[in-house]
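Student: I am sharing upload_39.cif, which consists of mmCIF, N, CA and C atoms:
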data_structure
loop_
_atom_site.label_atom_id
_atom_site.label_comp_id
_atom_site.auth_asym_id
_atom_site.auth_seq_id
_atom_site.Cartn_x
_atom_site.Cartn_y
_atom_site.Cartn_z
N MET A 1 -39.32 -235.22 26.15
CA MET A 1 -38.59 -233.96 26.05
C MET A 1 -38.58 -233.27 27.42
N ARG A 2 -37.41 -232.78 27.78
CA ARG A 2 -37.26 -232.11 29.07
C ARG A 2 -37.85 -230.71 29.01
N ARG A 3 -38.55 -230.36 30.06
CA ARG A 3 -39.17 -229.03 30.15
C ARG A 3 -38.11 -227.99 30.51
N LEU A 4 -38.14 -226.86 29.81
CA LEU A 4 -37.19 -225.79 30.11
C LEU A 4 -37.57 -225.10 31.41
N GLU A 5 -36.58 -224.79 32.18
CA GLU A 5 -36.76 -224.09 33.44
C GLU A 5 -36.20 -222.67 33.29
N PRO A 6 -36.62 -221.74 34.14
CA PRO A 6 -36.08 -220.37 34.06
C PRO A 6 -34.57 -220.30 34.14
N ASP A 7 -33.97 -221.18 34.94
CA ASP A 7 -32.50 -221.18 35.05
C ASP A 7 -31.83 -221.58 33.74
N ASP A 8 -32.49 -222.44 32.97
CA ASP A 8 -31.95 -222.83 31.66
C ASP A 8 -31.86 -221.62 30.73
N LEU A 9 -32.92 -220.82 30.73
CA LEU A 9 -32.93 -219.62 29.88
C LEU A 9 -31.92 -218.59 30.38
N ARG A 10 -31.82 -218.47 31.69
CA ARG A 10 -30.87 -217.52 32.26
C ARG A 10 -29.44 -217.93 31.93
N GLU A 11 -29.16 -219.21 32.02
CA GLU A 11 -27.82 -219.72 31.73
C GLU A 11 -27.45 -219.55 30.26
N ALA A 12 -28.44 -219.72 29.39
CA ALA A 12 -28.20 -219.57 27.95
C ALA A 12 -28.09 -218.10 27.54
N LYS A 13 -28.50 -217.18 28.41
CA LYS A 13 -28.44 -215.73 28.15
C LYS A 13 -29.22 -215.35 26.88
N ILE A 14 -30.33 -216.00 26.66
CA ILE A 14 -31.10 -215.76 25.44
C ILE A 14 -31.63 -214.34 25.37
N PHE A 15 -32.14 -213.83 26.49
CA PHE A 15 -32.75 -212.51 26.45
C PHE A 15 -31.76 -211.37 26.73
N MET A 16 -30.53 -211.71 27.04
CA MET A 16 -29.54 -210.69 27.37
C MET A 16 -29.28 -209.75 26.20
N TYR A 17 -29.22 -210.29 25.01
CA TYR A 17 -28.93 -209.47 23.84
C TYR A 17 -30.08 -209.46 22.84
N TYR A 18 -31.28 -209.73 23.32
CA TYR A 18 -32.43 -209.78 22.41
C TYR A 18 -32.64 -208.46 21.68
N ARG A 19 -32.54 -207.35 22.39
CA ARG A 19 -32.77 -206.03 21.75
C ARG A 19 -31.73 -205.75 20.67
N VAL A 20 -30.51 -206.16 20.91
CA VAL A 20 -29.45 -205.95 19.92
C VAL A 20 -29.74 -206.77 18.67
N VAL A 21 -30.10 -208.04 18.87
CA VAL A 21 -30.37 -208.92 17.73
C VAL A 21 -31.63 -208.46 16.99
N ARG A 22 -32.65 -208.04 17.73
CA ARG A 22 -33.87 -207.52 17.09
C ARG A 22 -33.56 -206.26 16.28
N GLY A 23 -32.76 -205.37 16.82
CA GLY A 23 -32.37 -204.16 16.09
C GLY A 23 -31.55 -204.48 14.86
N TRP A 24 -30.65 -205.45 14.99
CA TRP A 24 -29.86 -205.89 13.85
C TRP A 24 -30.77 -206.44 12.75
N ALA A 25 -31.72 -207.29 13.14
CA ALA A 25 -32.62 -207.90 12.16
C ALA A 25 -33.49 -206.85 11.47
N SER A 26 -34.00 -205.92 12.23
CA SER A 26 -34.87 -204.90 11.61
C SER A 26 -34.08 -204.02 10.66
N LYS A 27 -32.85 -203.70 10.99
CA LYS A 27 -32.02 -202.86 10.10
C LYS A 27 -31.56 -203.66 8.88
N THR A 28 -31.14 -204.91 9.09
CA THR A 28 -30.62 -205.74 8.01
C THR A 28 -31.71 -206.08 6.99
N TYR A 29 -32.88 -206.43 7.49
CA TYR A 29 -33.96 -206.86 6.60
C TYR A 29 -34.94 -205.73 6.27
N GLU A 30 -34.62 -204.52 6.71
CA GLU A 30 -35.42 -203.32 6.44
C GLU A 30 -36.88 -203.50 6.86
N LEU A 31 -37.05 -203.92 8.12
CA LEU A 31 -38.36 -204.08 8.72
C LEU A 31 -38.43 -203.23 9.98
N GLN A 32 -39.64 -202.91 10.40
CA GLN A 32 -39.81 -202.26 11.69
C GLN A 32 -39.65 -203.32 12.77
N THR A 33 -39.28 -202.90 13.98
CA THR A 33 -39.10 -203.87 15.06
C THR A 33 -40.40 -204.61 15.35
N ALA A 34 -41.53 -203.92 15.22
CA ALA A 34 -42.82 -204.58 15.44
C ALA A 34 -43.05 -205.67 14.39
N ASP A 35 -42.61 -205.44 13.17
CA ASP A 35 -42.75 -206.45 12.12
C ASP A 35 -41.90 -207.68 12.42
N VAL A 36 -40.69 -207.47 12.92
CA VAL A 36 -39.80 -208.58 13.27
C VAL A 36 -40.45 -209.42 14.37
N GLU A 37 -40.94 -208.76 15.42
CA GLU A 37 -41.56 -209.49 16.52
C GLU A 37 -42.84 -210.19 16.07
N LEU A 38 -43.59 -209.57 15.18
CA LEU A 38 -44.81 -210.18 14.67
C LEU A 38 -44.49 -211.42 13.85
N LEU A 39 -43.43 -211.37 13.06
CA LEU A 39 -43.03 -212.55 12.29
C LEU A 39 -42.57 -213.69 13.21
N ILE A 40 -41.93 -213.36 14.31
CA ILE A 40 -41.56 -214.40 15.29
C ILE A 40 -42.84 -215.02 15.86
N TYR A 41 -43.80 -214.19 16.22
CA TYR A 41 -45.08 -214.68 16.76
C TYR A 41 -45.79 -215.58 15.75
N LEU A 42 -45.87 -215.14 14.52
CA LEU A 42 -46.57 -215.91 13.49
C LEU A 42 -45.83 -217.19 13.15
N ASP A 43 -44.50 -217.16 13.18
CA ASP A 43 -43.72 -218.37 12.92
C ASP A 43 -43.99 -219.41 14.00
N CYS A 44 -44.14 -218.97 15.23
CA CYS A 44 -44.45 -219.90 16.32
C CYS A 44 -45.85 -220.49 16.16
N ARG A 45 -46.77 -219.74 15.60
CA ARG A 45 -48.14 -220.24 15.39
C ARG A 45 -48.20 -221.27 14.26
N GLY A 46 -47.27 -221.22 13.33
CA GLY A 46 -47.31 -222.13 12.18
C GLY A 46 -48.23 -221.55 11.12
N ARG A 47 -49.31 -222.24 10.83
CA ARG A 47 -50.29 -221.74 9.86
C ARG A 47 -51.32 -220.89 10.59
N PHE A 48 -51.79 -219.85 9.92
CA PHE A 48 -52.70 -218.91 10.58
C PHE A 48 -53.66 -218.30 9.57
N ARG A 49 -54.71 -217.74 10.09
CA ARG A 49 -55.69 -217.01 9.28
C ARG A 49 -55.43 -215.52 9.44
N ARG A 50 -56.08 -214.74 8.63
CA ARG A 50 -55.94 -213.28 8.74
C ARG A 50 -56.42 -212.81 10.11
N GLU A 51 -57.42 -213.46 10.63
CA GLU A 51 -57.95 -213.14 11.95
C GLU A 51 -56.88 -213.33 13.03
N ASP A 52 -56.06 -214.37 12.91
CA ASP A 52 -54.97 -214.60 13.86
C ASP A 52 -53.92 -213.50 13.76
N PHE A 53 -53.66 -213.06 12.54
CA PHE A 53 -52.73 -211.96 12.32
C PHE A 53 -53.23 -210.71 13.04
N ASP A 54 -54.51 -210.41 12.88
CA ASP A 54 -55.09 -209.23 13.52
C ASP A 54 -55.01 -209.32 15.04
N LYS A 55 -55.23 -210.51 15.59
CA LYS A 55 -55.11 -210.70 17.04
C LYS A 55 -53.66 -210.48 17.48
N GLY A 56 -52.71 -210.92 16.67
CA GLY A 56 -51.31 -210.78 17.01
C GLY A 56 -50.81 -209.35 16.96
N THR A 57 -51.49 -208.50 16.20
CA THR A 57 -51.03 -207.11 16.06
C THR A 57 -51.61 -206.18 17.11
N ILE A 58 -52.42 -206.69 18.01
CA ILE A 58 -53.07 -205.84 19.01
C ILE A 58 -52.05 -205.09 19.86
N ILE A 59 -50.97 -205.75 20.23
CA ILE A 59 -50.01 -205.12 21.16
C ILE A 59 -48.94 -204.29 20.45
N TYR A 60 -48.96 -204.25 19.12
CA TYR A 60 -47.96 -203.51 18.37
C TYR A 60 -48.52 -202.17 17.91
N PRO A 61 -47.65 -201.23 17.58
CA PRO A 61 -48.14 -199.95 17.05
C PRO A 61 -49.02 -200.18 15.82
N TRP A 62 -50.08 -199.43 15.74
CA TRP A 62 -51.05 -199.64 14.68
C TRP A 62 -50.47 -199.21 13.33
N ASP A 63 -50.60 -200.09 12.36
CA ASP A 63 -50.15 -199.82 11.00
C ASP A 63 -51.13 -200.51 10.06
N SER A 64 -51.96 -199.73 9.41
CA SER A 64 -53.02 -200.31 8.57
C SER A 64 -52.47 -201.02 7.35
N LYS A 65 -51.24 -200.72 6.96
CA LYS A 65 -50.68 -201.32 5.75
C LYS A 65 -49.71 -202.47 6.03
N ARG A 66 -49.59 -202.87 7.30
CA ARG A 66 -48.62 -203.89 7.68
C ARG A 66 -48.89 -205.22 6.97
N TRP A 67 -50.13 -205.66 6.94
CA TRP A 67 -50.48 -206.93 6.31
C TRP A 67 -50.07 -206.95 4.84
N GLU A 68 -50.49 -205.94 4.10
CA GLU A 68 -50.17 -205.89 2.66
C GLU A 68 -48.68 -205.75 2.42
N LYS A 69 -48.00 -204.98 3.27
CA LYS A 69 -46.56 -204.81 3.11
C LYS A 69 -45.82 -206.13 3.31
N LEU A 70 -46.18 -206.86 4.36
CA LEU A 70 -45.52 -208.14 4.62
C LEU A 70 -45.83 -209.16 3.53
N ARG A 71 -47.04 -209.13 3.00
CA ARG A 71 -47.40 -210.04 1.91
C ARG A 71 -46.66 -209.65 0.62
N ARG A 72 -46.66 -208.36 0.31
CA ARG A 72 -46.05 -207.88 -0.93
C ARG A 72 -44.54 -208.12 -0.94
N GLU A 73 -43.90 -207.95 0.21
CA GLU A 73 -42.44 -208.13 0.29
C GLU A 73 -42.03 -209.58 0.48
N GLY A 74 -42.98 -210.49 0.54
CA GLY A 74 -42.66 -211.91 0.58
C GLY A 74 -42.37 -212.48 1.96
N TRP A 75 -42.84 -211.85 3.01
CA TRP A 75 -42.63 -212.36 4.36
C TRP A 75 -43.74 -213.34 4.76
N ILE A 76 -44.91 -213.21 4.14
CA ILE A 76 -46.04 -214.08 4.41
C ILE A 76 -46.52 -214.67 3.10
N ASP A 77 -46.72 -215.99 3.08
CA ASP A 77 -47.21 -216.70 1.90
C ASP A 77 -48.58 -217.30 2.17
N VAL A 78 -49.32 -217.52 1.10
CA VAL A 78 -50.60 -218.22 1.20
C VAL A 78 -50.30 -219.72 1.23
N TRP A 79 -50.82 -220.40 2.23
CA TRP A 79 -50.66 -221.85 2.30
C TRP A 79 -51.83 -222.54 1.60
N ARG A 80 -53.03 -222.00 1.81
CA ARG A 80 -54.21 -222.52 1.13
C ARG A 80 -55.10 -221.35 0.76
N HIS A 81 -55.43 -221.23 -0.53
CA HIS A 81 -56.28 -220.15 -1.00
C HIS A 81 -57.73 -220.39 -0.59
N ARG A 82 -58.45 -219.32 -0.53
CA ARG A 82 -59.88 -219.39 -0.22
C ARG A 82 -60.64 -219.93 -1.42
N ASN A 83 -61.57 -220.80 -1.14
CA ASN A 83 -62.48 -221.31 -2.15
C ASN A 83 -63.87 -220.89 -1.69
N HIS A 84 -64.59 -220.13 -2.48
CA HIS A 84 -65.85 -219.54 -2.03
C HIS A 84 -66.96 -220.57 -1.79
N THR A 85 -66.79 -221.81 -2.21
CA THR A 85 -67.84 -222.80 -2.00
C THR A 85 -67.59 -223.66 -0.77
N THR A 86 -66.37 -224.16 -0.60
CA THR A 86 -66.12 -225.08 0.52
C THR A 86 -65.21 -224.51 1.59
N ARG A 87 -64.32 -223.64 1.24
CA ARG A 87 -63.38 -223.07 2.21
C ARG A 87 -63.76 -221.62 2.46
N LYS A 88 -64.01 -221.31 3.69
CA LYS A 88 -64.50 -219.98 4.04
C LYS A 88 -63.40 -218.92 4.15
N TYR A 89 -62.17 -219.36 4.33
CA TYR A 89 -61.07 -218.40 4.50
C TYR A 89 -59.77 -219.01 4.00
N ALA A 90 -58.81 -218.13 3.72
CA ALA A 90 -57.47 -218.56 3.29
C ALA A 90 -56.62 -218.83 4.53
N ILE A 91 -55.63 -219.67 4.36
CA ILE A 91 -54.68 -219.95 5.45
C ILE A 91 -53.30 -219.53 4.97
N PHE A 92 -52.56 -218.88 5.86
CA PHE A 92 -51.25 -218.32 5.53
C PHE A 92 -50.18 -218.95 6.41
N GLN A 93 -48.93 -218.70 6.03
CA GLN A 93 -47.79 -219.10 6.84
C GLN A 93 -46.65 -218.12 6.57
N VAL A 94 -45.71 -218.07 7.51
CA VAL A 94 -44.51 -217.26 7.30
C VAL A 94 -43.73 -217.90 6.16
N SER A 95 -43.26 -217.09 5.23
CA SER A 95 -42.54 -217.61 4.06
C SER A 95 -41.19 -218.17 4.47
N SER A 96 -40.55 -218.84 3.53
CA SER A 96 -39.22 -219.39 3.82
C SER A 96 -38.22 -218.26 4.10
N LYS A 97 -38.42 -217.12 3.48
CA LYS A 97 -37.58 -215.95 3.74
C LYS A 97 -37.72 -215.52 5.21
N GLY A 98 -38.96 -215.47 5.70
CA GLY A 98 -39.22 -215.11 7.09
C GLY A 98 -38.70 -216.15 8.06
N LYS A 99 -38.87 -217.42 7.71
CA LYS A 99 -38.38 -218.50 8.57
C LYS A 99 -36.86 -218.47 8.68
N ARG A 100 -36.18 -218.14 7.58
CA ARG A 100 -34.71 -218.04 7.62
C ARG A 100 -34.28 -216.92 8.56
N MET A 101 -34.99 -215.77 8.50
CA MET A 101 -34.65 -214.65 9.37
C MET A 101 -34.84 -215.03 10.84
N VAL A 102 -35.98 -215.63 11.16
CA VAL A 102 -36.27 -216.00 12.54
C VAL A 102 -35.28 -217.06 13.03
N THR A 103 -34.98 -218.04 12.22
CA THR A 103 -34.02 -219.09 12.60
C THR A 103 -32.63 -218.49 12.82
N ARG A 104 -32.27 -217.55 11.97
CA ARG A 104 -30.96 -216.91 12.13
C ARG A 104 -30.89 -216.11 13.43
N MET A 105 -31.99 -215.44 13.77
CA MET A 105 -32.03 -214.71 15.04
C MET A 105 -31.88 -215.68 16.21
N TYR A 106 -32.57 -216.82 16.15
CA TYR A 106 -32.44 -217.82 17.21
C TYR A 106 -31.00 -218.31 17.34
N ARG A 107 -30.37 -218.59 16.19
CA ARG A 107 -28.99 -219.09 16.23
C ARG A 107 -28.04 -218.05 16.82
N ILE A 108 -28.25 -216.78 16.49
CA ILE A 108 -27.41 -215.72 17.05
C ILE A 108 -27.64 -215.61 18.56
N LEU A 109 -28.90 -215.66 18.98
CA LEU A 109 -29.20 -215.56 20.40
C LEU A 109 -28.65 -216.74 21.20
N LEU A 110 -28.64 -217.92 20.59
CA LEU A 110 -28.12 -219.10 21.27
C LEU A 110 -26.60 -219.20 21.20
N GLY A 111 -25.98 -218.35 20.38
CA GLY A 111 -24.52 -218.34 20.27
C GLY A 111 -23.96 -219.32 19.27
N SER A 112 -24.80 -219.98 18.49
CA SER A 112 -24.27 -220.93 17.50
C SER A 112 -23.88 -220.23 16.20
N GLU A 113 -24.24 -218.97 16.06
CA GLU A 113 -23.83 -218.17 14.90
C GLU A 113 -23.45 -216.79 15.39
N ASP A 114 -22.41 -216.22 14.82
CA ASP A 114 -21.99 -214.88 15.20
C ASP A 114 -22.76 -213.84 14.41
N MET A 115 -22.94 -212.70 15.02
CA MET A 115 -23.57 -211.58 14.34
C MET A 115 -22.60 -211.06 13.29
N PRO A 116 -23.05 -210.84 12.06
CA PRO A 116 -22.14 -210.35 11.01
C PRO A 116 -21.62 -208.96 11.33
N VAL A 117 -20.33 -208.78 11.21
CA VAL A 117 -19.72 -207.47 11.47
C VAL A 117 -18.82 -207.04 10.31
N SER A 118 -19.06 -207.57 9.15
CA SER A 118 -18.22 -207.25 7.99
C SER A 118 -18.60 -205.90 7.40
N ARG A 119 -17.93 -205.54 6.34
CA ARG A 119 -18.21 -204.27 5.65
C ARG A 119 -19.61 -204.24 5.04
N THR A 120 -20.19 -205.40 4.80
CA THR A 120 -21.53 -205.45 4.21
C THR A 120 -22.62 -205.35 5.27
N SER A 121 -22.24 -205.30 6.55
CA SER A 121 -23.22 -205.18 7.63
C SER A 121 -23.97 -203.86 7.51
N ALA A 122 -25.23 -203.88 7.91
CA ALA A 122 -26.07 -202.68 7.82
C ALA A 122 -25.58 -201.56 8.71
N PHE A 123 -24.85 -201.87 9.79
CA PHE A 123 -24.39 -200.85 10.72
C PHE A 123 -22.96 -200.39 10.45
N TYR A 124 -22.28 -200.97 9.47
CA TYR A 124 -20.86 -200.72 9.27
C TYR A 124 -20.55 -199.25 8.97
N LYS A 125 -21.40 -198.58 8.22
CA LYS A 125 -21.07 -197.23 7.76
C LYS A 125 -21.16 -196.16 8.85
N ASN A 126 -21.80 -196.48 9.98
CA ASN A 126 -21.91 -195.53 11.09
C ASN A 126 -22.48 -194.18 10.65
N LYS A 127 -23.54 -194.22 9.88
CA LYS A 127 -24.13 -192.97 9.41
C LYS A 127 -24.82 -192.19 10.52
N THR A 128 -25.44 -192.89 11.43
CA THR A 128 -26.20 -192.21 12.49
C THR A 128 -25.65 -192.59 13.85
N TYR A 129 -26.11 -191.87 14.84
CA TYR A 129 -25.73 -192.16 16.22
C TYR A 129 -26.21 -193.56 16.62
N THR A 130 -27.40 -193.93 16.16
CA THR A 130 -27.95 -195.25 16.46
C THR A 130 -27.05 -196.35 15.91
N ASP A 131 -26.53 -196.16 14.70
CA ASP A 131 -25.62 -197.15 14.12
C ASP A 131 -24.38 -197.33 15.00
N LYS A 132 -23.84 -196.22 15.50
CA LYS A 132 -22.66 -196.29 16.36
C LYS A 132 -22.97 -197.02 17.65
N VAL A 133 -24.14 -196.75 18.22
CA VAL A 133 -24.53 -197.41 19.47
C VAL A 133 -24.72 -198.91 19.23
N TYR A 134 -25.36 -199.28 18.14
CA TYR A 134 -25.55 -200.69 17.84
C TYR A 134 -24.21 -201.39 17.57
N ASN A 135 -23.30 -200.72 16.87
CA ASN A 135 -21.98 -201.31 16.64
C ASN A 135 -21.28 -201.60 17.98
N ARG A 136 -21.39 -200.66 18.89
CA ARG A 136 -20.78 -200.84 20.20
C ARG A 136 -21.43 -202.00 20.95
N ALA A 137 -22.76 -202.09 20.89
CA ALA A 137 -23.47 -203.18 21.56
C ALA A 137 -23.13 -204.53 20.92
N ILE A 138 -22.99 -204.56 19.61
CA ILE A 138 -22.62 -205.80 18.92
C ILE A 138 -21.22 -206.22 19.32
N ASP A 139 -20.30 -205.24 19.42
CA ASP A 139 -18.94 -205.56 19.87
C ASP A 139 -18.95 -206.14 21.28
N GLU A 140 -19.76 -205.57 22.16
CA GLU A 140 -19.87 -206.09 23.53
C GLU A 140 -20.44 -207.50 23.52
N MET A 141 -21.40 -207.74 22.66
CA MET A 141 -22.01 -209.06 22.56
C MET A 141 -20.99 -210.10 22.09
N ILE A 142 -20.18 -209.74 21.11
CA ILE A 142 -19.16 -210.66 20.61
C ILE A 142 -18.10 -210.94 21.67
N LYS A 143 -17.68 -209.91 22.40
CA LYS A 143 -16.71 -210.09 23.48
C LYS A 143 -17.27 -211.00 24.55
N ASP A 144 -18.54 -210.83 24.88
CA ASP A 144 -19.18 -211.64 25.93
C ASP A 144 -19.28 -213.11 25.51
N LYS A 145 -19.50 -213.37 24.24
CA LYS A 145 -19.59 -214.74 23.74
C LYS A 145 -18.24 -215.45 23.82
N GLU A 146 -17.15 -214.69 23.75
CA GLU A 146 -15.82 -215.28 23.79
C GLU A 146 -15.42 -215.70 25.19
N LYS A 147 -16.08 -215.19 26.21
CA LYS A 147 -15.72 -215.51 27.60
C LYS A 147 -16.14 -216.91 27.96
#
Give the structure from the file, written as structure tokens.
Tutor:
Amino acid sequence: MRRLEPDDLREAKIFMYYRVVRGWASKTYELQTADVELLIYLDCRGRFRREDFDKGTIIYPWDSKRWEKLRREGWIDVWRHRNHTTRKYAIFQVSSKGKRMVTRMYRILLGSEDMPVSRTSAFYKNKTYTDKVYNRAIDEMIKDKEK
């Protein structure tokens, strides 16, 4: 496998619209931006323990209920339950719902999928100033992909 170089990433423009795609994902899936980034981090780790989750949250705004919220809403699944005799801890993984979100973000960033701009889009109603700004940024992103 060929090693990626900085010029490869620059040419693909992966980080050019990262904030727009992250904002879209957090609004569409009703997550905080820190939760979206944390799910990307955990998806890259594969299987993880609760301790790994805690290490991953160090750089994000503190939220004591983040773990339970992500588990309750189905973003994190148990891969192996704890057994009090032989297994000292449970092992978790990002759920298929979370993997679909992360994969979709990657596809949008790589340009193989367009960002949804239909009436069902989370930003379509333009209720707030932020929605209007994101709509404008999404339009710019779509125009740039056409060049």
Student: Would you kindly translate the PyMOL selection byres (((chain A and resi 75 and name CA) around 9) and name CA) into the concrete residues it picks from this file, as a short mmCIF file (atom, residue, chain, number, x, y, z; two decimals) with N, CA and C atoms, keeping the file's coordinate frame?
Tutor:
data_model
loop_
_atom_site.label_atom_id
_atom_site.label_comp_id
_atom_site.auth_asym_id
_atom_site.auth_seq_id
_atom_site.Cartn_x
_atom_site.Cartn_y
_atom_site.Cartn_z
N LEU A 39 -43.43 -211.37 13.06
CA LEU A 39 -43.03 -212.55 12.29
C LEU A 39 -42.57 -213.69 13.21
N LYS A 69 -48.00 -204.98 3.27
CA LYS A 69 -46.56 -204.81 3.11
C LYS A 69 -45.82 -206.13 3.31
N LEU A 70 -46.18 -206.86 4.36
CA LEU A 70 -45.52 -208.14 4.62
C LEU A 70 -45.83 -209.16 3.53
N ARG A 71 -47.04 -209.13 3.00
CA ARG A 71 -47.40 -210.04 1.91
C ARG A 71 -46.66 -209.65 0.62
N ARG A 72 -46.66 -208.36 0.31
CA ARG A 72 -46.05 -207.88 -0.93
C ARG A 72 -44.54 -208.12 -0.94
N GLU A 73 -43.90 -207.95 0.21
CA GLU A 73 -42.44 -208.13 0.29
C GLU A 73 -42.03 -209.58 0.48
N GLY A 74 -42.98 -210.49 0.54
CA GLY A 74 -42.66 -211.91 0.58
C GLY A 74 -42.37 -212.48 1.96
N ILE A 76 -44.91 -213.21 4.14
CA ILE A 76 -46.04 -214.08 4.41
C ILE A 76 -46.52 -214.67 3.10
N ASP A 77 -46.72 -215.99 3.08
CA ASP A 77 -47.21 -216.70 1.90
C ASP A 77 -48.58 -217.30 2.17
N GLN A 93 -48.93 -218.70 6.03
CA GLN A 93 -47.79 -219.10 6.84
C GLN A 93 -46.65 -218.12 6.57
N VAL A 94 -45.71 -218.07 7.51
CA VAL A 94 -44.51 -217.26 7.30
C VAL A 94 -43.73 -217.90 6.16
N SER A 95 -43.26 -217.09 5.23
CA SER A 95 -42.54 -217.61 4.06
C SER A 95 -41.19 -218.17 4.47
N SER A 96 -40.55 -218.84 3.53
CA SER A 96 -39.22 -219.39 3.82
C SER A 96 -38.22 -218.26 4.10
N LYS A 97 -38.42 -217.12 3.48
CA LYS A 97 -37.58 -215.95 3.74
C LYS A 97 -37.72 -215.52 5.21
N GLY A 98 -38.96 -215.47 5.70
CA GLY A 98 -39.22 -215.11 7.09
C GLY A 98 -38.70 -216.15 8.06
N LYS A 99 -38.87 -217.42 7.71
CA LYS A 99 -38.38 -218.50 8.57
C LYS A 99 -36.86 -218.47 8.68
#
Student: Kindly extract all protein, DNA and RNA residues lying within 8 Å of the coordinates (-50.8, -225.7, 8.6) given in the file, considering only N, CA and C atoms, and supply them as an NGL selection string.
Tutor: :A and (45-48 or 79 or 91-93)
Student: Compile the contact shell of stretch 28-31 of chain A as a PyMOL selection string: residues with an atom at most 12 Å away, counting only C-alpha atoms, same-chain residues fewer than 3 positions apart removed.
Tutor: chain A and resi 20-25+34-39+66+69-70+73-75+97-98+100-102+104-105+115-117+120-124+131
Student: List every residue of stretch 35-142 of chain A that DSSP, applied to the backbone of this structure, assigns to strand (DSSP E), and report them as a list in words.
Tutor: Arg47, Phe48, Ile76, Asp77, Val78, Trp79, Arg80, Ile91, Phe92, Gln93 and Val94 of chain A
Student: Where in chain A does DSSP assign alpha helix (DSSP H), given as a VMD selection string?
Tutor: chain A and resid 6 to 12 18 to 28 33 to 45 50 to 56 66 to 72 96 to 110 129 to 146
Student: For a test of reading the model, state the distance in Å between atom C of A:Lys55 and atom N of A:Glu68, rounded to one decimal.
Tutor: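 Atom C of A:Lys55 sits 14.5 Å away from atom N of A:Glu68.
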Student: Any idea what's packed within 8 Å of stretch 10-19 of chain A, counting all atoms listed in the file, ignoring anything in its chain fewer than 4 positions away? Could you give it as a list in words?
Tutor: Glu5, Pro6, Gly23, Trp24, Ala25, Ile108, Leu109, Leu110, Gly111 and Met141 of chain A
